[in-house]
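Dropping upload.txt in here (compact mmCIF, C-alpha atoms):
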# COMPACT_ATOMS: atom_id res chain seq x y z
CA MET B 17 141.41 111.55 74.59
CA ARG B 18 139.13 110.00 77.20
CA ILE B 19 140.47 112.34 79.91
CA LEU B 20 139.98 115.39 77.71
CA SER B 21 136.50 114.29 76.79
CA GLU B 22 135.54 113.72 80.42
CA SER B 23 136.98 117.09 81.44
CA ALA B 24 135.42 119.15 78.66
CA GLY B 25 132.92 121.84 79.48
CA ALA B 26 130.68 123.88 77.23
CA VAL B 27 133.66 124.85 75.07
CA PRO B 28 135.43 121.83 73.50
CA PHE B 29 139.17 121.29 73.70
CA ARG B 30 140.73 122.06 70.32
CA VAL B 31 143.74 119.84 69.69
CA LEU B 32 146.53 119.37 67.20
CA VAL B 33 147.65 115.83 66.45
CA GLU B 34 151.44 115.69 66.47
CA LEU B 35 153.67 113.85 64.01
CA GLY B 36 156.98 112.66 65.44
CA HIS B 37 159.74 110.37 64.21
CA THR B 38 161.67 107.36 65.48
CA GLY B 39 164.13 108.42 68.15
CA GLY B 40 162.68 111.92 68.30
CA ARG B 41 160.49 113.67 70.81
CA THR B 42 156.76 113.27 71.26
CA GLY B 43 154.30 112.63 68.45
CA CYS B 44 152.86 109.79 66.43
CA ARG B 45 155.37 107.56 64.67
CA GLY B 46 154.08 107.73 61.11
CA LEU B 47 151.01 108.85 59.19
CA ALA B 48 148.91 105.78 59.98
CA GLU B 49 149.30 106.30 63.73
CA LEU B 50 148.54 110.01 63.38
CA LEU B 51 145.33 109.29 61.47
CA ALA B 52 144.28 106.78 64.12
CA VAL B 53 144.67 109.44 66.80
CA ALA B 54 142.80 111.95 64.65
CA ASP B 55 140.00 109.41 64.31
CA ALA B 56 139.88 109.08 68.11
CA VAL B 57 139.54 112.88 68.32
CA ARG B 58 136.66 112.77 65.90
CA THR B 59 134.74 110.26 68.00
CA SER B 60 135.38 111.97 71.35
CA PRO B 61 132.67 114.37 72.56
CA GLY B 62 134.14 117.60 73.88
CA VAL B 63 137.26 117.41 71.71
CA GLU B 64 137.76 119.07 68.33
CA LEU B 65 140.43 118.50 65.71
CA ALA B 66 142.14 121.80 64.92
CA GLY B 67 144.97 120.47 62.77
CA VAL B 68 148.40 118.84 62.84
CA ALA B 69 151.83 119.74 64.19
CA SER B 70 155.41 118.52 64.22
CA TYR B 71 158.90 119.47 65.35
CA GLU B 72 161.70 118.99 62.85
CA GLY B 73 164.53 120.28 65.06
CA THR B 74 165.59 116.80 66.18
CA ARG B 75 166.33 115.71 62.62
CA SER B 76 170.01 115.53 61.70
CA GLY B 77 170.15 117.29 58.33
CA PRO B 78 168.20 118.99 55.55
CA ASP B 79 167.12 115.78 53.81
CA GLU B 80 165.69 114.34 57.03
CA VAL B 81 164.03 117.69 57.84
CA ARG B 82 162.33 117.79 54.44
CA GLN B 83 161.19 114.20 54.89
CA ILE B 84 159.28 114.84 58.11
CA LEU B 85 157.87 118.11 56.76
CA ARG B 86 156.52 116.30 53.70
CA GLU B 87 155.01 113.66 55.97
CA LEU B 88 153.39 116.50 57.93
CA ARG B 89 152.07 117.98 54.72
CA ALA B 90 150.58 114.61 53.79
CA ALA B 91 148.96 114.44 57.23
CA ALA B 92 147.47 117.90 56.74
CA GLU B 93 146.08 116.89 53.36
CA ALA B 94 144.61 113.72 54.89
CA VAL B 95 142.76 115.44 57.73
CA ALA B 96 141.89 118.71 55.95
CA PRO B 97 138.52 117.55 54.51
CA HIS B 98 137.42 116.44 57.97
CA VAL B 99 138.57 119.58 59.72
CA LEU B 100 136.71 121.79 57.30
CA SER B 101 133.61 119.88 56.19
CA GLY B 102 131.62 119.40 59.41
CA VAL B 103 130.67 116.28 61.38
CA LEU B 104 131.60 112.95 59.80
CA SER B 105 129.35 109.95 59.46
CA GLY B 106 130.69 106.44 59.74
CA VAL B 107 134.01 107.13 57.99
CA SER B 108 137.32 106.41 59.70
CA LEU B 109 140.11 108.87 59.00
CA SER B 110 142.45 105.90 58.95
CA ASP B 111 140.65 104.72 55.81
CA VAL B 112 141.01 108.06 54.01
CA SER B 113 143.90 108.65 51.63
CA PRO B 114 145.72 112.01 51.80
CA GLY B 115 143.79 114.71 49.98
CA VAL B 116 140.62 112.63 49.54
CA SER B 117 137.44 113.98 51.12
CA SER B 118 134.91 111.62 52.65
CA GLY B 119 131.92 113.67 51.58
CA ALA B 120 130.26 112.68 54.87
CA THR B 121 127.69 114.89 56.55
CA GLY B 122 127.04 113.77 60.10
CA ARG B 123 127.42 111.26 62.90
CA PRO B 124 125.42 111.25 66.15
CA GLY B 125 127.51 111.42 69.31
CA ALA B 126 130.74 112.57 67.62
CA SER B 127 132.26 115.99 68.26
CA PRO B 128 131.66 118.65 65.66
CA VAL B 129 134.85 118.89 63.63
CA THR B 130 136.47 122.30 63.79
CA ALA B 131 134.84 124.72 61.36
CA GLY B 132 137.81 127.12 61.29
CA ARG B 133 140.93 127.00 59.19
CA LEU B 134 143.16 123.95 59.39
CA VAL B 135 146.16 124.68 61.61
CA VAL B 136 149.55 123.29 60.55
CA SER B 137 152.39 124.07 62.96
CA ALA B 138 156.13 123.30 62.91
CA GLY B 139 159.42 125.10 63.07
CA GLY B 140 162.35 125.16 65.46
CA SER B 141 165.01 127.84 65.08
CA ALA B 142 167.50 125.88 62.97
CA TRP B 143 165.43 124.98 59.90
CA PHE B 144 162.65 127.58 59.65
CA ASP B 145 163.66 128.35 56.07
CA LEU B 146 162.89 124.77 55.02
CA VAL B 147 159.70 124.75 57.09
CA ALA B 148 158.47 127.85 55.29
CA GLU B 149 159.43 126.42 51.92
CA GLU B 150 157.74 123.05 52.48
CA LEU B 151 154.58 124.19 54.28
CA ALA B 152 153.82 127.54 52.64
CA PRO B 153 151.92 125.85 49.76
CA LEU B 154 149.33 124.65 52.29
CA ALA B 155 148.37 128.27 53.02
CA ARG B 156 147.35 128.91 49.43
CA PRO B 157 143.62 129.10 48.62
CA ARG B 158 142.03 125.84 47.56
CA GLU B 159 141.48 127.13 44.05
CA GLU B 160 145.26 127.52 43.79
CA GLY B 161 145.97 123.98 44.98
CA GLY B 162 146.42 124.74 48.68
CA LEU B 163 144.36 124.01 51.77
CA ASP B 164 143.83 127.61 52.94
CA ALA B 165 145.60 126.43 56.09
CA LEU B 166 146.84 128.59 58.93
CA VAL B 167 150.55 127.71 58.91
CA LEU B 168 152.19 128.61 62.22
CA LEU B 169 155.97 128.87 62.45
CA ARG B 170 157.06 128.63 66.10
CA SER B 171 160.78 129.41 66.01
CA GLY B 172 161.27 130.84 69.48
CA ALA B 173 165.03 131.48 69.61
CA TYR B 174 164.83 134.30 67.06
CA VAL B 175 163.48 136.53 69.85
CA ALA B 176 166.90 136.72 71.51
CA HIS B 177 169.27 134.71 69.28
CA ASP B 178 172.62 133.93 70.97
CA ASP B 179 176.42 133.84 70.77
CA GLY B 180 176.68 130.06 70.65
CA PHE B 181 174.45 127.27 69.42
CA TYR B 182 171.95 129.29 67.39
CA ARG B 183 174.66 131.49 65.96
CA GLU B 184 176.04 128.32 64.37
CA VAL B 185 172.77 126.76 63.19
CA THR B 186 170.61 129.73 62.20
CA PRO B 187 169.27 129.59 58.62
CA TYR B 188 170.75 133.06 58.15
CA ASN B 189 174.10 131.32 57.69
CA ARG B 190 172.74 130.10 54.34
CA ILE B 191 170.07 132.66 53.37
CA GLU B 192 170.03 136.44 53.21
CA GLY B 193 169.52 138.30 56.48
CA ARG B 194 170.90 138.10 59.98
CA LEU B 195 169.97 137.99 63.64
CA LEU B 196 171.87 139.77 66.41
CA PRO B 197 172.24 138.32 69.92
CA ALA B 198 170.15 140.24 72.43
CA LEU B 199 171.13 138.49 75.68
CA GLU B 200 174.22 139.37 77.67
CA ALA B 201 175.37 138.50 81.19
CA TRP B 202 177.66 140.57 83.40
CA ALA B 203 179.69 139.21 86.31
CA GLN B 204 182.21 140.63 88.75
CA VAL B 205 185.68 139.17 89.17
CA LEU B 206 185.85 137.86 92.72
CA SER B 207 189.42 136.57 92.72
CA VAL B 208 192.47 136.00 90.55
CA PRO B 209 194.04 133.30 92.72
CA GLU B 210 196.70 132.26 90.23
CA SER B 211 198.19 133.39 86.95
CA GLY B 212 195.76 132.75 84.11
CA LEU B 213 192.69 132.01 86.25
CA ALA B 214 189.88 134.31 87.39
CA LEU B 215 186.85 133.37 89.49
CA LEU B 216 183.66 135.31 88.81
CA GLY B 217 180.37 135.63 90.68
CA MET B 218 178.18 133.94 88.07
CA GLY B 219 176.90 130.38 88.14
CA LYS B 220 174.44 127.78 86.95
CA ARG B 221 171.62 129.68 88.62
CA ASP B 222 172.34 132.66 86.37
CA VAL B 223 173.35 131.52 82.87
CA PRO B 224 172.85 128.62 80.44
CA TYR B 225 175.45 125.85 80.51
CA ASP B 226 173.61 122.91 78.90
CA ILE B 227 174.99 123.30 75.36
CA ASP B 228 177.87 125.77 75.49
CA LEU B 229 179.46 127.76 78.29
CA PRO B 230 179.27 131.58 78.22
CA ALA B 231 181.69 133.38 75.87
CA VAL B 232 183.73 136.38 77.03
CA ARG B 233 182.91 139.68 75.33
CA THR B 234 184.46 142.55 77.28
CA VAL B 235 186.19 143.56 80.51
CA ASN B 236 184.88 146.80 82.00
CA GLY B 237 183.16 147.45 78.69
CA GLU B 238 186.39 147.29 76.68
CA THR B 239 187.74 144.71 74.26
CA ALA B 240 191.34 143.54 74.17
CA GLY B 241 193.34 141.17 72.05
CA TRP B 242 193.98 138.72 74.89
CA LEU B 243 190.23 138.23 75.35
CA GLU B 244 190.21 136.16 72.17
CA GLN B 245 192.17 133.54 74.10
CA ALA B 246 190.08 133.77 77.25
CA ARG B 247 187.72 130.86 77.86
CA VAL B 248 185.15 129.86 80.44
CA VAL B 249 186.20 126.35 81.42
CA LYS B 250 183.79 125.58 84.26
CA VAL B 251 180.52 126.89 85.68
CA GLN B 252 179.51 125.85 89.19
CA ASP B 253 176.43 126.79 91.22
CA GLN B 254 177.64 130.32 91.96
CA HIS B 255 181.08 130.60 90.35
CA THR B 256 182.56 130.75 86.86
CA TYR B 257 186.16 129.73 86.10
CA LEU B 258 187.74 131.92 83.43
CA ARG B 259 191.07 130.90 81.93
CA PHE B 260 193.19 133.54 80.18
CA PRO B 261 196.81 133.80 78.98
CA PRO B 262 199.21 133.41 81.96
CA GLY B 263 201.01 136.62 82.76
CA GLU B 264 198.16 138.79 81.45
CA GLU B 265 197.39 141.54 83.97
CA GLY B 266 194.35 143.06 82.26
CA ILE B 267 191.86 141.50 84.66
CA ARG B 268 191.66 142.13 88.41
CA PRO B 269 189.25 141.56 91.29
CA GLY B 270 186.33 143.94 91.01
CA ASP B 271 186.42 144.10 87.20
CA LEU B 272 183.13 143.59 85.37
CA VAL B 273 183.15 141.02 82.58
CA SER B 274 180.41 140.68 79.98
CA PHE B 275 179.49 137.37 78.38
CA GLY B 276 177.54 136.21 75.39
CA LEU B 277 175.24 133.27 76.05
CA SER B 278 174.28 130.08 74.25
CA HIS B 279 170.73 128.67 74.19
CA PRO B 280 168.20 131.37 75.13
CA CYS B 281 165.66 128.80 76.39
CA THR B 282 167.78 127.98 79.42
CA ALA B 283 168.50 131.65 80.05
CA PHE B 284 164.85 132.70 80.17
CA ASP B 285 163.94 130.00 82.67
CA LYS B 286 166.43 131.40 85.20
CA TRP B 287 165.07 134.96 85.32
CA ARG B 288 161.56 136.18 86.05
CA ILE B 289 162.59 139.73 85.16
CA ILE B 290 165.17 140.67 82.52
CA PRO B 291 166.26 144.34 82.24
CA VAL B 292 166.35 146.01 78.84
CA VAL B 293 169.21 148.48 78.36
CA ASP B 294 170.13 151.10 75.79
CA ASP B 295 173.56 151.48 74.16
CA ASP B 296 174.86 153.17 77.33
CA TYR B 297 173.57 150.32 79.52
CA VAL B 298 170.89 152.48 81.08
CA VAL B 299 167.92 150.33 82.04
CA ILE B 300 164.96 151.54 80.00
CA ASP B 301 162.49 148.69 80.48
CA VAL B 302 162.01 145.25 82.00
CA ILE B 303 160.70 142.05 80.45
CA LYS B 304 158.72 139.51 82.44
CA THR B 305 159.35 135.92 81.43
CA TYR B 306 156.77 133.14 81.44
CA PHE B 307 158.91 130.15 80.55
Can the structure from this file be put into structure tokens for me?
Amino acid sequence: MRILSESAGAVPFRVLVELGHTGGRTGCRGLAELLAVADAVRTSPGVELAGVASYEGTRSGPDEVRQILRELRAAAEAVAPHVLSGVLSGVSLSDVSPGVSSGATGRPGASPVTAGRLVVSAGGSAWFDLVAEELAPLARPREEGGLDALVLLRSGAYVAHDDGFYREVTPYNRIEGRLLPALEAWAQVLSVPESGLALLGMGKRDVPYDIDLPAVRTVNGETAGWLEQARVVKVQDQHTYLRFPPGEEGIRPGDLVSFGLSHPCTAFDKWRIIPVVDDDYVVIDVIKTYF
């Protein structure tokens, strides 16, 4: 907070205070710690409290996800009066119970508290249905029991989806609707040095490998029954090892193999430009990545 305050110019830094959990990623461990940080924001010139945030994706199941989301909701209720009511005077946020306004009007030397809507942000790509369910009430008008909050769902993987990790964990496996994978990699067969093994010109510089290895889709744009048994078993810097049924002759050097990917995050960071193709694989656009 001190560094932000010292670096602030005419326009204050607007910050979200993050709620984490034991063993998780960043963020305050518990509501009391979060409120202490929010109090430090309040007393730091050049810094404004915009709201609260969390990331529930590191929780192991629905009960644990709901728990941290309800803690986040309590944090939002605790800081909401101070985000919306102007500069505080001599009241510590750490002394304020969730949902109780201080009624304070001013304090010399403290930053003005953000006059806009309270921001509440959460949402990975595995539990966004529960995030919406738990946090949506905060967006209701105050006269309807809400906080008139700006609830931001930041589920990034929906943009591309995948053929691996997110295919397995997407909420659309339990609610109505579906997402289709939009990322695909193509590689040329460089060698078939032995029965049942093909080496392709695709490596760690090209495709994700941190969660799952690429999954075979087609050879030369065609599907075949034996492809169901084909598996990528290793990805090196510039080569992919593809195992397939021994004796199968449906893959030769020069063939083009398409792959579905797992984990879009570590696909985007490998490409500055990604081509967009139509159903005939004609390039119709390009996407610049800023990952």
Self-check item: Pick from B:Leu20, B:Ala56, B:Val135, B:Ala90, whichever lies nearest to Val68 (chain B) using all atoms listed in the file
Solution: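 Under the stated criterion, the closest residue is B:Val135.
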Contacts of Val223 (chain B) within 12 Å, all atoms listed in the file, excl. fewer than 6 positions in-chain, as a PDB file with C-alpha atoms, in the frame of the given file:
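Saved result, part_20.pdb, follows:
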ATOM      1  CA  LEU B 199     171.130 138.490  75.680  1.00  0.00           C
ATOM      2  CA  GLU B 200     174.220 139.370  77.670  1.00  0.00           C
ATOM      3  CA  ALA B 201     175.370 138.500  81.190  1.00  0.00           C
ATOM      4  CA  TRP B 202     177.660 140.570  83.400  1.00  0.00           C
ATOM      5  CA  ALA B 203     179.690 139.210  86.310  1.00  0.00           C
ATOM      6  CA  GLY B 217     180.370 135.630  90.680  1.00  0.00           C
ATOM      7  CA  LEU B 229     179.460 127.760  78.290  1.00  0.00           C
ATOM      8  CA  PRO B 230     179.270 131.580  78.220  1.00  0.00           C
ATOM      9  CA  ALA B 231     181.690 133.380  75.870  1.00  0.00           C
ATOM     10  CA  VAL B 251     180.520 126.890  85.680  1.00  0.00           C
ATOM     11  CA  GLN B 252     179.510 125.850  89.190  1.00  0.00           C
ATOM     12  CA  ASP B 253     176.430 126.790  91.220  1.00  0.00           C
ATOM     13  CA  GLN B 254     177.640 130.320  91.960  1.00  0.00           C
ATOM     14  CA  HIS B 255     181.080 130.600  90.350  1.00  0.00           C
ATOM     15  CA  THR B 256     182.560 130.750  86.860  1.00  0.00           C
ATOM     16  CA  SER B 274     180.410 140.680  79.980  1.00  0.00           C
ATOM     17  CA  PHE B 275     179.490 137.370  78.380  1.00  0.00           C
ATOM     18  CA  GLY B 276     177.540 136.210  75.390  1.00  0.00           C
ATOM     19  CA  LEU B 277     175.240 133.270  76.050  1.00  0.00           C
ATOM     20  CA  SER B 278     174.280 130.080  74.250  1.00  0.00           C
ATOM     21  CA  HIS B 279     170.730 128.670  74.190  1.00  0.00           C
ATOM     22  CA  PRO B 280     168.200 131.370  75.130  1.00  0.00           C
ATOM     23  CA  CYS B 281     165.660 128.800  76.390  1.00  0.00           C
ATOM     24  CA  THR B 282     167.780 127.980  79.420  1.00  0.00           C
ATOM     25  CA  ALA B 283     168.500 131.650  80.050  1.00  0.00           C
ATOM     26  CA  PHE B 284     164.850 132.700  80.170  1.00  0.00           C
ATOM     27  CA  ASP B 285     163.940 130.000  82.670  1.00  0.00           C
ATOM     28  CA  LYS B 286     166.430 131.400  85.200  1.00  0.00           C
ATOM     29  CA  TRP B 287     165.070 134.960  85.320  1.00  0.00           C
TER      30      TRP B 287
END
Practice problem: Please identify all polymer residues lying at most 9 Å from the point (166.4, 128.1, 63.6) (file coordinates), using all atoms listed in the file, and present the result as a PyMOL selection string. | Solution: chain B and resi 73+139-145+171-174+182+185-188
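The residue set within 10 Å of region 156-165 of chain B, counting only C-alpha atoms and dropping same-chain residues fewer than 6 places from it, reads Gly67, Ala92, Glu93, Ala96, Pro97, Leu100, Gly115, Gly132, Arg133, Leu134, Val135, Val136 and Ser137 of chain B.
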Quiz item: With all atoms listed in the file as the atoms that count, which of B:Glu265, B:Glu210, B:Asp222, B:Asp294 lies nearest to Ala198 (chain B)?
Solution: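 Closest candidate: B:Asp294.
If you measure from each of B:Leu215, B:Val31, B:Val147, B:Pro224 to Phe181 (chain B) using only C-alpha atoms, the closest one turns out to be B:Pro224.
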